[in-house]
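**Student:** Got a file for you: model.txt, compact mmCIF, C-alpha atoms and all ligand atoms.
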```
# COMPACT_ATOMS: atom_id res chain seq x y z
CA MET D 1 95.41 -11.87 66.57
CA ASP D 2 92.59 -14.42 66.82
CA MET D 3 89.71 -12.93 64.87
CA THR D 4 87.28 -15.61 66.12
CA ASP D 5 87.31 -13.92 69.52
CA SER D 6 88.21 -10.32 68.88
CA LEU D 7 85.56 -9.54 66.24
CA PRO D 8 82.58 -10.82 68.32
CA ALA D 9 84.05 -9.12 71.40
CA ALA D 10 84.23 -5.83 69.48
CA LEU D 11 80.58 -6.15 68.44
CA ASP D 12 79.46 -6.97 71.94
CA GLY D 13 80.91 -3.61 72.92
CA VAL D 14 78.16 -1.99 70.81
CA ALA D 15 74.79 -1.79 72.58
CA ASP D 16 71.58 -2.96 70.93
CA PRO D 17 69.41 0.21 70.88
CA ILE D 18 66.38 -1.70 72.23
CA SER D 19 67.64 -4.18 74.84
CA GLY D 20 70.86 -2.36 75.72
CA LYS D 21 72.75 -5.69 75.54
CA GLY D 22 75.73 -6.31 73.26
CA LEU D 23 74.89 -6.86 69.59
CA ILE D 24 75.64 -10.58 69.54
CA ALA D 25 74.25 -11.27 73.01
CA SER D 26 70.98 -9.60 71.99
CA GLY D 27 70.77 -11.59 68.75
CA ARG D 28 70.98 -8.44 66.57
CA ALA D 29 74.17 -9.55 64.86
CA ALA D 30 75.69 -12.88 63.91
CA PRO D 31 79.41 -13.38 64.70
CA PRO D 32 81.34 -11.54 61.96
CA ARG D 33 83.32 -13.38 59.29
CA PHE D 34 86.87 -12.43 58.36
CA GLU D 35 88.76 -12.89 55.10
CA ASP D 36 91.70 -11.06 53.50
CA GLY D 37 91.49 -8.07 55.83
CA THR D 38 87.70 -7.72 55.42
CA ALA D 39 85.30 -8.22 58.34
CA SER D 40 81.70 -8.92 57.22
CA VAL D 41 78.69 -8.88 59.49
CA VAL D 42 74.93 -9.26 59.13
CA VAL D 43 72.87 -7.02 61.41
CA ASP D 44 69.12 -7.50 61.94
CA VAL D 45 67.60 -4.01 62.12
CA THR D 46 64.05 -5.11 62.89
CA GLY D 47 62.12 -2.53 64.91
CA LEU D 48 64.65 0.29 64.49
CA SER D 49 63.93 3.66 62.90
CA GLY D 50 65.95 4.80 59.87
CA ASP D 51 67.99 7.08 62.11
CA ALA D 52 68.72 4.32 64.64
CA ARG D 53 69.69 1.98 61.80
CA SER D 54 72.28 4.34 60.37
CA LYS D 55 73.69 5.13 63.83
CA LEU D 56 73.99 1.41 64.48
CA GLU D 57 75.72 0.82 61.15
CA THR D 58 78.27 3.54 61.95
CA ALA D 59 78.88 2.13 65.43
CA VAL D 60 79.39 -1.39 64.02
CA LYS D 61 81.85 -0.11 61.40
CA GLN D 62 83.81 1.86 64.00
CA ALA D 63 83.97 -1.08 66.39
CA LEU D 64 85.18 -3.56 63.77
CA ILE D 65 87.67 -1.29 62.00
CA ALA D 66 89.33 -0.69 65.38
CA VAL D 67 90.26 -4.38 65.61
CA PRO D 68 93.93 -4.79 64.62
CA GLY D 69 94.22 -6.54 61.25
CA VAL D 70 90.84 -5.34 59.91
CA GLU D 71 91.22 -3.14 56.83
CA THR D 72 87.68 -3.08 55.49
CA VAL D 73 84.26 -3.60 57.11
CA ARG D 74 81.12 -4.77 55.31
CA VAL D 75 77.80 -4.43 57.10
CA ALA D 76 74.69 -6.09 55.64
CA MET D 77 71.46 -4.93 57.27
CA THR D 78 68.62 -7.41 56.95
CA ALA D 79 64.98 -6.41 56.51
CA GLU D 80 62.36 -7.34 59.07
CA LYS D 81 62.62 -10.94 60.20
CA ARG D 82 58.90 -11.33 59.65
CA GLY D 83 57.54 -9.75 56.52
CA ARG D 84 54.60 -8.53 58.58
CA LYS D 85 54.82 -5.04 60.02
CA ILE D 86 52.97 -3.83 63.07
CA ILE D 87 51.69 -0.30 63.62
CA ALA D 88 50.64 0.40 67.20
CA ILE D 89 47.83 2.81 68.00
CA GLY D 90 48.31 4.20 71.48
CA SER D 91 46.97 6.87 73.78
CA GLY D 92 47.96 8.23 77.16
CA LYS D 93 44.49 7.59 78.58
CA GLY D 94 41.27 5.75 77.87
CA GLY D 95 38.20 6.86 76.00
CA VAL D 96 39.91 9.13 73.47
CA GLY D 97 38.81 7.06 70.45
CA LYS D 98 41.83 4.81 69.97
CA SER D 99 39.71 1.79 69.07
CA THR D 100 37.48 3.79 66.73
CA LEU D 101 40.54 5.14 64.95
CA SER D 102 42.23 1.72 64.77
CA ALA D 103 39.16 0.09 63.19
CA ASN D 104 38.63 2.86 60.68
CA LEU D 105 42.27 3.11 59.70
CA ALA D 106 42.35 -0.64 59.09
CA VAL D 107 39.25 -0.42 56.89
CA ALA D 108 40.58 2.64 55.02
CA LEU D 109 43.95 0.95 54.41
CA ARG D 110 42.15 -2.15 53.16
CA ARG D 111 40.15 -0.02 50.74
CA MET D 112 43.45 1.38 49.45
CA GLY D 113 44.51 -2.16 48.63
CA ARG D 114 46.78 -2.80 51.62
CA LYS D 115 46.76 -6.33 53.02
CA VAL D 116 45.94 -5.24 56.53
CA GLY D 117 44.71 -7.07 59.61
CA LEU D 118 43.76 -5.81 63.05
CA VAL D 119 44.75 -7.04 66.50
CA ASP D 120 42.73 -5.80 69.46
CA ALA D 121 45.14 -5.85 72.40
CA ASP D 122 42.98 -3.55 74.51
CA ILE D 123 42.64 -5.82 77.52
CA TYR D 124 40.68 -3.23 79.53
CA GLY D 125 37.90 -2.83 76.99
CA PRO D 126 38.29 -4.88 73.83
CA SER D 127 35.70 -3.35 71.50
CA GLN D 128 36.88 -4.28 68.02
CA ALA D 129 34.38 -7.13 67.60
CA ARG D 130 31.58 -4.58 67.89
CA LEU D 131 33.32 -1.95 65.77
CA LEU D 132 34.10 -4.40 62.96
CA SER D 133 30.88 -6.37 63.28
CA THR D 134 32.43 -9.71 64.21
CA GLU D 135 30.61 -10.21 67.51
CA GLY D 136 29.81 -13.85 68.10
CA MET D 137 32.40 -15.08 65.59
CA ARG D 138 34.92 -17.36 67.29
CA PRO D 139 38.29 -17.91 65.66
CA THR D 140 39.11 -21.50 64.71
CA ALA D 141 42.58 -22.96 65.15
CA GLN D 142 44.92 -24.84 62.82
CA GLY D 143 47.05 -26.91 65.16
CA GLN D 144 48.65 -24.41 67.51
CA LYS D 145 47.71 -21.35 65.45
CA MET D 146 44.51 -19.34 65.44
CA ASP D 147 42.67 -18.34 62.28
CA PRO D 148 41.60 -14.68 62.34
CA VAL D 149 37.92 -13.93 61.77
CA LEU D 150 37.05 -11.89 58.69
CA SER D 151 35.03 -8.73 59.22
CA PRO D 152 32.36 -7.85 56.63
CA HIS D 153 34.58 -4.90 55.64
CA GLY D 154 37.38 -7.18 54.52
CA VAL D 155 39.67 -6.77 57.53
CA PRO D 156 40.72 -10.01 59.24
CA MET D 157 40.91 -9.50 62.99
CA LEU D 158 41.63 -11.11 66.33
CA SER D 159 40.87 -9.74 69.76
CA MET D 160 42.00 -10.42 73.32
CA ALA D 161 38.27 -10.82 74.01
CA GLN D 162 38.35 -13.98 71.91
CA LEU D 163 40.90 -15.59 74.25
CA VAL D 164 38.54 -15.55 77.21
CA LYS D 165 34.99 -16.73 77.67
CA PRO D 166 32.41 -13.96 77.20
CA GLY D 167 31.92 -12.05 80.44
CA GLN D 168 34.99 -13.61 82.07
CA ALA D 169 37.25 -11.07 83.73
CA ILE D 170 41.02 -11.56 83.81
CA ALA D 171 43.53 -9.54 85.82
CA TRP D 172 46.14 -9.35 83.08
CA ARG D 173 49.72 -8.75 84.08
CA GLY D 174 52.36 -7.48 81.66
CA PRO D 175 54.05 -10.76 80.65
CA MET D 176 50.73 -12.62 80.63
CA ALA D 177 49.13 -10.06 78.34
CA ALA D 178 52.21 -10.11 76.10
CA ASN D 179 52.04 -13.89 75.81
CA ALA D 180 48.36 -13.76 74.95
CA LEU D 181 49.11 -11.06 72.41
CA GLY D 182 51.71 -13.39 70.90
CA GLN D 183 48.97 -15.88 70.09
CA LEU D 184 47.08 -13.18 68.22
CA ILE D 185 50.09 -11.81 66.35
CA ASP D 186 51.52 -15.20 65.41
CA ALA D 187 48.16 -16.42 64.09
CA GLU D 188 47.56 -17.65 60.53
CA TRP D 189 47.35 -14.21 58.93
CA GLY D 190 47.84 -15.47 55.38
CA ASP D 191 48.95 -12.70 53.04
CA VAL D 192 48.40 -9.91 55.60
CA ASP D 193 51.57 -7.81 55.68
CA LEU D 194 50.45 -5.02 57.99
CA LEU D 195 48.87 -5.40 61.42
CA ILE D 196 47.15 -2.51 63.14
CA LEU D 197 47.58 -3.04 66.89
CA ASP D 198 44.98 -1.40 69.13
CA LEU D 199 46.96 -1.12 72.38
CA PRO D 200 45.47 -0.84 75.86
CA PRO D 201 45.11 2.82 76.89
CA GLY D 202 47.90 4.23 79.05
CA THR D 203 51.64 3.79 79.33
CA GLY D 204 52.22 1.21 82.04
CA ASP D 205 54.08 -2.08 82.29
CA VAL D 206 51.52 -4.05 80.33
CA GLN D 207 51.89 -1.77 77.31
CA LEU D 208 55.67 -1.69 77.64
CA THR D 209 55.99 -5.46 77.72
CA MET D 210 53.78 -5.75 74.65
CA VAL D 211 55.65 -3.13 72.67
CA GLN D 212 59.10 -4.41 73.58
CA LYS D 213 58.21 -7.95 72.67
CA TYR D 214 56.46 -7.26 69.37
CA LYS D 215 58.48 -4.25 68.14
CA PRO D 216 56.03 -2.21 66.05
CA VAL D 217 57.65 -0.40 63.11
CA GLY D 218 55.80 2.74 64.11
CA ALA D 219 53.18 4.18 66.45
CA ILE D 220 50.27 6.57 66.12
CA ILE D 221 49.17 8.60 69.11
CA VAL D 222 45.54 9.56 69.54
CA SER D 223 44.59 12.53 71.65
CA THR D 224 41.54 14.69 72.27
CA PRO D 225 41.88 18.47 72.27
CA GLN D 226 41.53 18.96 76.03
CA ASP D 227 44.70 19.90 77.86
CA LEU D 228 44.52 16.95 80.21
CA ALA D 229 44.36 14.49 77.36
CA LEU D 230 47.30 16.27 75.76
CA ILE D 231 49.38 15.92 78.90
CA ASP D 232 48.55 12.24 78.75
CA ALA D 233 49.50 12.25 75.09
CA THR D 234 52.96 13.59 75.92
CA ARG D 235 53.30 10.65 78.29
CA ALA D 236 52.47 8.33 75.39
CA ILE D 237 55.08 10.06 73.25
CA ASP D 238 57.74 9.57 75.96
CA PHE D 239 56.66 5.97 76.28
CA PHE D 240 57.20 5.18 72.58
CA ASN D 241 60.48 7.10 72.58
CA GLN D 242 61.72 5.03 75.51
CA ALA D 243 60.64 1.83 73.78
CA HIS D 244 62.48 3.03 70.60
CA VAL D 245 59.33 2.82 68.50
CA PRO D 246 59.32 5.61 65.89
CA ILE D 247 56.20 7.79 66.11
CA ILE D 248 54.44 8.14 62.77
CA GLY D 249 52.41 11.05 64.09
CA MET D 250 49.53 12.27 66.19
CA VAL D 251 45.81 12.23 65.40
CA GLU D 252 43.44 14.62 67.13
CA ASN D 253 40.09 12.94 67.76
CA MET D 254 36.80 14.55 68.80
CA ALA D 255 38.28 17.75 67.43
CA GLY D 256 35.43 20.17 67.00
CA TYR D 257 31.76 19.23 67.12
CA ALA D 258 30.02 18.43 63.87
CA CYS D 259 26.39 19.60 64.13
CA PRO D 260 24.13 16.69 63.16
CA HIS D 261 21.64 19.14 61.60
CA CYS D 262 23.69 21.57 59.56
CA GLY D 263 27.09 19.81 59.50
CA GLU D 264 28.88 22.93 60.76
CA VAL D 265 31.92 22.16 62.93
CA SER D 266 32.36 24.19 66.14
CA ASP D 267 35.20 23.88 68.64
CA PRO D 268 34.02 23.63 72.27
CA PHE D 269 37.53 22.76 73.46
CA GLY D 270 39.37 25.21 71.21
CA GLN D 271 41.13 24.35 68.02
CA GLY D 272 44.64 23.25 67.26
CA GLY D 273 45.77 22.02 70.70
CA ALA D 274 46.96 18.64 69.50
CA GLN D 275 48.50 20.14 66.38
CA ALA D 276 50.41 22.71 68.45
CA ALA D 277 51.51 19.98 70.88
CA ALA D 278 52.68 17.81 67.99
CA MET D 279 54.63 20.70 66.46
CA SER D 280 56.26 21.64 69.74
CA MET D 281 57.48 18.07 70.06
CA ASN D 282 58.61 17.89 66.45
CA LEU D 283 56.05 15.24 65.64
CA PRO D 284 54.07 14.99 62.42
CA PHE D 285 50.41 15.94 62.86
CA LEU D 286 48.38 13.47 60.80
CA GLY D 287 44.96 15.11 61.04
CA ARG D 288 41.73 15.73 62.93
CA VAL D 289 38.61 13.61 63.33
CA PRO D 290 35.56 15.67 64.37
CA LEU D 291 33.32 14.79 67.29
CA ASP D 292 30.40 13.57 65.23
CA ILE D 293 27.43 11.68 66.56
CA GLY D 294 27.31 9.87 63.22
CA ILE D 295 30.74 8.36 63.95
CA ARG D 296 29.49 7.06 67.29
CA THR D 297 26.23 5.61 66.05
CA ALA D 298 27.85 4.00 63.00
CA SER D 299 30.64 2.57 65.18
CA ASP D 300 28.15 1.15 67.68
CA ALA D 301 26.32 -0.48 64.80
CA GLY D 302 29.50 -2.09 63.44
CA LEU D 303 29.52 0.12 60.36
CA PRO D 304 32.88 1.93 60.30
CA PRO D 305 32.50 5.29 58.50
CA ALA D 306 35.73 4.49 56.63
CA ALA D 307 33.87 1.70 54.80
CA GLU D 308 31.60 4.24 53.10
CA ASP D 309 32.30 5.70 49.68
CA GLY D 310 33.14 9.35 50.00
CA ASP D 311 34.86 9.00 53.41
CA THR D 312 36.98 12.14 53.65
CA ILE D 313 38.11 11.69 57.25
CA PHE D 314 39.91 8.37 57.58
CA ALA D 315 41.09 7.86 53.99
CA PRO D 316 43.54 10.83 54.09
CA LEU D 317 44.93 9.59 57.44
CA ALA D 318 45.38 6.10 55.97
CA ALA D 319 47.13 7.62 52.95
CA LYS D 320 49.63 9.36 55.25
CA ILE D 321 50.36 6.07 56.98
CA ALA D 322 50.84 4.33 53.63
CA ASP D 323 53.26 7.11 52.63
CA TRP D 324 55.17 6.69 55.87
CA LEU D 325 55.47 2.95 55.26
CA ASN D 326 56.48 3.39 51.65
CA PRO D 327 57.88 6.87 51.09
CA ALA D 328 59.04 5.99 47.56
CA LYS D 329 55.46 5.59 46.33
CA PRO D 330 53.28 8.38 47.71
CA ALA D 331 49.60 7.41 47.81
CA SER D 332 47.30 9.87 46.10
CA PHE D 333 44.16 11.24 47.73
N1 LIG D 401 35.15 11.24 66.59
C1 LIG D 401 34.18 10.73 67.33
N2 LIG D 401 32.93 11.24 67.32
C2 LIG D 401 31.96 10.72 68.11
N3 LIG D 401 32.12 9.71 68.94
C3 LIG D 401 33.36 9.15 68.99
C4 LIG D 401 34.45 9.62 68.19
N4 LIG D 401 35.52 8.86 68.46
C5 LIG D 401 35.14 7.95 69.38
N5 LIG D 401 33.83 8.13 69.70
C6 LIG D 401 33.06 7.38 70.69
O1 LIG D 401 33.69 7.54 71.96
C7 LIG D 401 33.65 6.32 72.70
C8 LIG D 401 35.10 5.88 73.04
O2 LIG D 401 35.76 5.58 71.84
P1 LIG D 401 36.78 4.34 71.72
O3 LIG D 401 36.18 3.14 72.35
O4 LIG D 401 37.23 4.28 70.32
O5 LIG D 401 37.93 4.92 72.65
P2 LIG D 401 39.21 4.19 73.25
O6 LIG D 401 40.24 5.25 73.41
O7 LIG D 401 39.55 3.02 72.45
O8 LIG D 401 38.62 3.77 74.62
P3 LIG D 401 39.12 2.65 75.66
O9 LIG D 401 39.87 3.39 76.67
O10 LIG D 401 37.84 2.07 76.18
O11 LIG D 401 39.93 1.67 74.91
C9 LIG D 401 32.90 5.33 71.82
O12 LIG D 401 31.56 5.33 72.20
C10 LIG D 401 33.05 5.90 70.41
O13 LIG D 401 31.97 5.54 69.56
```
Go through the file and emit its structure as structure tokens.

**Tutor:**
Amino acid sequence: MDMTDSLPAALDGVADPISGKGLIASGRAAPPRFEDGTASVVVDVTGLSGDARSKLETAVKQALIAVPGVETVRVAMTAEKRGRKIIAIGSGKGGVGKSTLSANLAVALRRMGRKVGLVDADIYGPSQARLLSTEGMRPTAQGQKMDPVLSPHGVPMLSMAQLVKPGQAIAWRGPMAANALGQLIDAEWGDVDLLILDLPPGTGDVQLTMVQKYKPVGAIIVSTPQDLALIDATRAIDFFNQAHVPIIGMVENMAGYACPHCGEVSDPFGQGGAQAAAMSMNLPFLGRVPLDIGIRTASDAGLPPAAEDGDTIFAPLAAKIADWLNPAKPASF
């Protein structure tokens, strides 16, 4: 039996969970090596959830052990190819507060000591320059690579808005937007090891191309309490499931109205809709952000509430994300 052919052929019979192609054809696995009855293979598990990784490991072992002459199989799973992880913030529809949440989570994670950067991929309404107070700052470039601009709150950021001249409209198509996004993601991020990606609202081709190409390690879904927004949120959940991006959880924004005078929170849209939706879909519910005029005015002024001492809204959400990324070391809040 010629192992040089039969081992790769066996692996190509196992489908890559993301592209659906064979493991070697998709670049997930290198051709296995064979010595003294042992087949050894290195599998790149970038972008796969823990569950998908163990299923893939089992499938690889079964495929290789079935090759005549193989007595033992060794599978080495490599960590992310890039050290930098991406967390996507998505929503089924626009205007639910995805950008506000992205900016504040990035600031809160930075305050916890995470080396976090932010990429504004929202081609329909890039607003991160205003939210993070970097309006008018243009990124410089080192050779082919862009240098992110540093927000006053310590979060380096790049935005799709910085790729076009101010006021210039572009009809972005999926692959075009994904290529532009590549310039932002592959920029000179220095020691940043976590990128928060503010996706365009919705679940169309543009979003799919972006997510498939840049494989976030996880996604957060933002929804408002109204039923319609929740139906859209379920679409976002299906979208990330189809793209094989694990969902970290759901955040309910504009949940309850915080009275600017007395601070009391009332619930014009009813309480718990997003939480119930998350539970019914077996998704973690990360928390609620109240509809608070203070959040809007501070955001418009480029002063993310998460940058303030005593922030009790975004810091606990950021702590849950940090726990998800590093379950061995729970963050304390
Ligand atoms: N919890 C909140 N309380 C008060 N205002 C909020 C809250 N969250 C967001 N807003 C305001 O709602 C508007 C829309 O928010 P944001 O731009 O973050 O939404 P988005 O989902 O990113 O929208 P888009 O579809 O334009 O990308 C902004 O004016 C923002 O300041």

**Student:** Around all the atoms of ligand LIG 401 (chain D) listed in the file, with 4 Å of room on each side, what axis-aligned box do you get, giving centre and edge lengths in Å to one decimal, as AutoDock Vina command-line options?

**Tutor:**
```
--center_x 35.9 --center_y 6.5 --center_z 71.6 --size_x 16.7 --size_y 17.6 --size_z 18.1
```

**Student:** Please provide as a ChimeraX atom specification all residues within 12 Å of Ile313 in chain D, with the sequence filter that same-chain residues fewer than 2 positions apart are discarded (counting all atoms listed in the file).

**Tutor:** /D:101,104-105,108,251-255,286-292,295,304-311,315-320,333

**Student:** Selected residues, C-alpha atoms, written as a short mmCIF file (atom, residue, chain, number, x, y, z; two decimals), in the frame of the given file, please.

**Tutor:**
```
data_model
loop_
_atom_site.label_atom_id
_atom_site.label_comp_id
_atom_site.auth_asym_id
_atom_site.auth_seq_id
_atom_site.Cartn_x
_atom_site.Cartn_y
_atom_site.Cartn_z
CA LEU D 101 40.54 5.14 64.95
CA ASN D 104 38.63 2.86 60.68
CA LEU D 105 42.27 3.11 59.70
CA ALA D 108 40.58 2.64 55.02
CA VAL D 251 45.81 12.23 65.40
CA GLU D 252 43.44 14.62 67.13
CA ASN D 253 40.09 12.94 67.76
CA MET D 254 36.80 14.55 68.80
CA ALA D 255 38.28 17.75 67.43
CA LEU D 286 48.38 13.47 60.80
CA GLY D 287 44.96 15.11 61.04
CA ARG D 288 41.73 15.73 62.93
CA VAL D 289 38.61 13.61 63.33
CA PRO D 290 35.56 15.67 64.37
CA LEU D 291 33.32 14.79 67.29
CA ASP D 292 30.40 13.57 65.23
CA ILE D 295 30.74 8.36 63.95
CA PRO D 304 32.88 1.93 60.30
CA PRO D 305 32.50 5.29 58.50
CA ALA D 306 35.73 4.49 56.63
CA ALA D 307 33.87 1.70 54.80
CA GLU D 308 31.60 4.24 53.10
CA ASP D 309 32.30 5.70 49.68
CA GLY D 310 33.14 9.35 50.00
CA ASP D 311 34.86 9.00 53.41
CA ALA D 315 41.09 7.86 53.99
CA PRO D 316 43.54 10.83 54.09
CA LEU D 317 44.93 9.59 57.44
CA ALA D 318 45.38 6.10 55.97
CA ALA D 319 47.13 7.62 52.95
CA LYS D 320 49.63 9.36 55.25
CA PHE D 333 44.16 11.24 47.73
#
```

**Student:** Which one of D:Tyr257, D:Glu264, D:Arg114, D:Gly47 sits closest to Ile293 in chain D if you count only C-alpha atoms?

**Tutor:**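 Result for the nearest residue to Ile293 in chain D: D:Tyr257.
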
**Student:** Identify which of the residues D:Ala171, D:Val116, D:Val265, D:Leu208 lies closest to ligand LIG 401 (chain D), counting only C-alpha atoms and all ligand atoms when measuring atom-to-atom distances.

**Tutor:**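 Looking at the shortest contact to ligand LIG 401 (chain D), the residue is D:Val265.
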
**Student:** Would you write out, as a Markdown table, a table of all residues in chain D that have an atom no more than 8 Å from an atom of ligand LIG 401 (chain D), listing for each the closest atom pair and the distance in Å to one decimal, considering all atoms listed in the file and ordering rows by chain and rising residue number?

**Tutor:**
```
| residue | atom | partner | partner_atom | distance |
| --- | --- | --- | --- | --- |
| D:Ser91 | CA | D:LIG401 | O6 | 6.9 |
| D:Lys93 | CA | D:LIG401 | O9 | 6.5 |
| D:Gly94 | CA | D:LIG401 | O9 | 3.0 |
| D:Gly95 | CA | D:LIG401 | O8 | 3.4 |
| D:Val96 | CA | D:LIG401 | O6 | 3.9 |
| D:Gly97 | CA | D:LIG401 | O5 | 3.2 |
| D:Lys98 | CA | D:LIG401 | O7 | 3.8 |
| D:Ser99 | CA | D:LIG401 | O7 | 3.6 |
| D:Thr100 | CA | D:LIG401 | O4 | 3.6 |
| D:Leu101 | CA | D:LIG401 | O4 | 6.4 |
| D:Ser102 | CA | D:LIG401 | O4 | 7.9 |
| D:Asp122 | CA | D:LIG401 | O11 | 6.1 |
| D:Tyr124 | CA | D:LIG401 | O11 | 6.8 |
| D:Gly125 | CA | D:LIG401 | O10 | 5.0 |
| D:Pro126 | CA | D:LIG401 | O11 | 6.8 |
| D:Ser127 | CA | D:LIG401 | O3 | 6.6 |
| D:Asp198 | CA | D:LIG401 | O7 | 7.7 |
| D:Leu199 | CA | D:LIG401 | O11 | 8.0 |
| D:Pro200 | CA | D:LIG401 | O11 | 6.2 |
| D:Pro201 | CA | D:LIG401 | O9 | 5.3 |
| D:Val222 | CA | D:LIG401 | O6 | 7.9 |
| D:Asn253 | CA | D:LIG401 | N1 | 5.4 |
| D:Met254 | CA | D:LIG401 | N1 | 4.3 |
| D:Ala255 | CA | D:LIG401 | N1 | 7.3 |
| D:Val289 | CA | D:LIG401 | N1 | 5.3 |
| D:Pro290 | CA | D:LIG401 | N1 | 5.0 |
| D:Leu291 | CA | D:LIG401 | N2 | 3.6 |
| D:Asp292 | CA | D:LIG401 | N2 | 4.0 |
| D:Ile293 | CA | D:LIG401 | C2 | 4.9 |
| D:Gly294 | CA | D:LIG401 | C2 | 6.8 |
| D:Ile295 | CA | D:LIG401 | C2 | 4.9 |
| D:Arg296 | CA | D:LIG401 | O13 | 3.7 |
| D:Thr297 | CA | D:LIG401 | O13 | 6.7 |
| D:Ala298 | CA | D:LIG401 | O13 | 7.9 |
| D:Ser299 | CA | D:LIG401 | O13 | 5.5 |
| D:Asp300 | CA | D:LIG401 | O13 | 6.1 |
```

**Student:** Would you pick out the contacts of range 151-163 of chain D at 9 Å or less, using all atoms listed in the file, so that residues sharing its chain but fewer than 2 positions from it are not included, and give the list as a ChimeraX atom specification?

**Tutor:** /D:103,106-107,110-111,115-123,125-129,132-134,137-139,146-149,165-166,177,180-181,184-185,187,189,192,303-304,307

**Student:** Could you pull the residues within 12 Å of Met176 in chain D, counting all atoms listed in the file, minus those fewer than 2 positions along the same chain, as a PyMOL selection string?

**Tutor:** chain D and resi 123+160+170-174+178-183+205-207+209-210+213

**Student:** Using CA of Leu48 in chain D and CA of Asn241 in chain D as the two end points, give the distance in Å to one decimal.

**Tutor:** 11.4 Å

**Student:** How many Å separate CA of Val60 in chain D from CA of Pro216 in chain D?

**Tutor:** 23.5 Å

**Student:** Rounded to one decimal place, report the CA of Ser280 in chain D-CA of Ala243 in chain D distance in Å.

**Tutor:**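 We find that CA of Ser280 in chain D and CA of Ala243 in chain D lie 20.7 Å from each other.
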
**Student:** My list of candidates is D:Val75, D:Ile247, D:Leu109, D:Leu131. Which is closest to Val45 in chain D when distances are computed with all atoms listed in the file?

**Tutor:**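 The answer is D:Val75, which sits nearest to Val45 in chain D.
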
**Student:** For Ala276 in chain D, which residue among D:Ala30, D:Leu195, D:Pro225, D:Val70 is the nearest when counting all atoms listed in the file?

**Tutor:**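 Among the listed residues, D:Pro225 lies closest to Ala276 in chain D.
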
**Student:** Would you please work out which residue, of D:Met281, D:Glu35, D:Arg84, D:Pro260, is nearest to Asp191 in chain D when using only C-alpha atoms?

**Tutor:**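 Going through D:Met281, D:Glu35, D:Arg84, D:Pro260 one by one, the smallest distance to Asp191 in chain D is for D:Arg84.
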
**Student:** I want to know what sits within 8 Å of Leu23 in chain D, based on all atoms listed in the file, with residues of the same chain fewer than 6 positions away left out; could you give that as a ChimeraX atom specification?

**Tutor:** /D:11-16,29

**Student:** Could those selected residues go to a file with C-alpha atoms, as a CSV table (one decimal), in the coordinates of the input?

**Tutor:**
```csv
chain,number,residue,atom,x,y,z
D,11,LEU,CA,80.6,-6.2,68.4
D,12,ASP,CA,79.5,-7.0,71.9
D,13,GLY,CA,80.9,-3.6,72.9
D,14,VAL,CA,78.2,-2.0,70.8
D,15,ALA,CA,74.8,-1.8,72.6
D,16,ASP,CA,71.6,-3.0,70.9
D,29,ALA,CA,74.2,-9.6,64.9
```

**Student:** Just checking: using only C-alpha atoms, which residue out of D:Ala10, D:Ile237, D:Ala322, D:Met250 ends up closest to Thr224 in chain D?

**Tutor:**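 Closest to Thr224 in chain D, using only C-alpha atoms: D:Met250.
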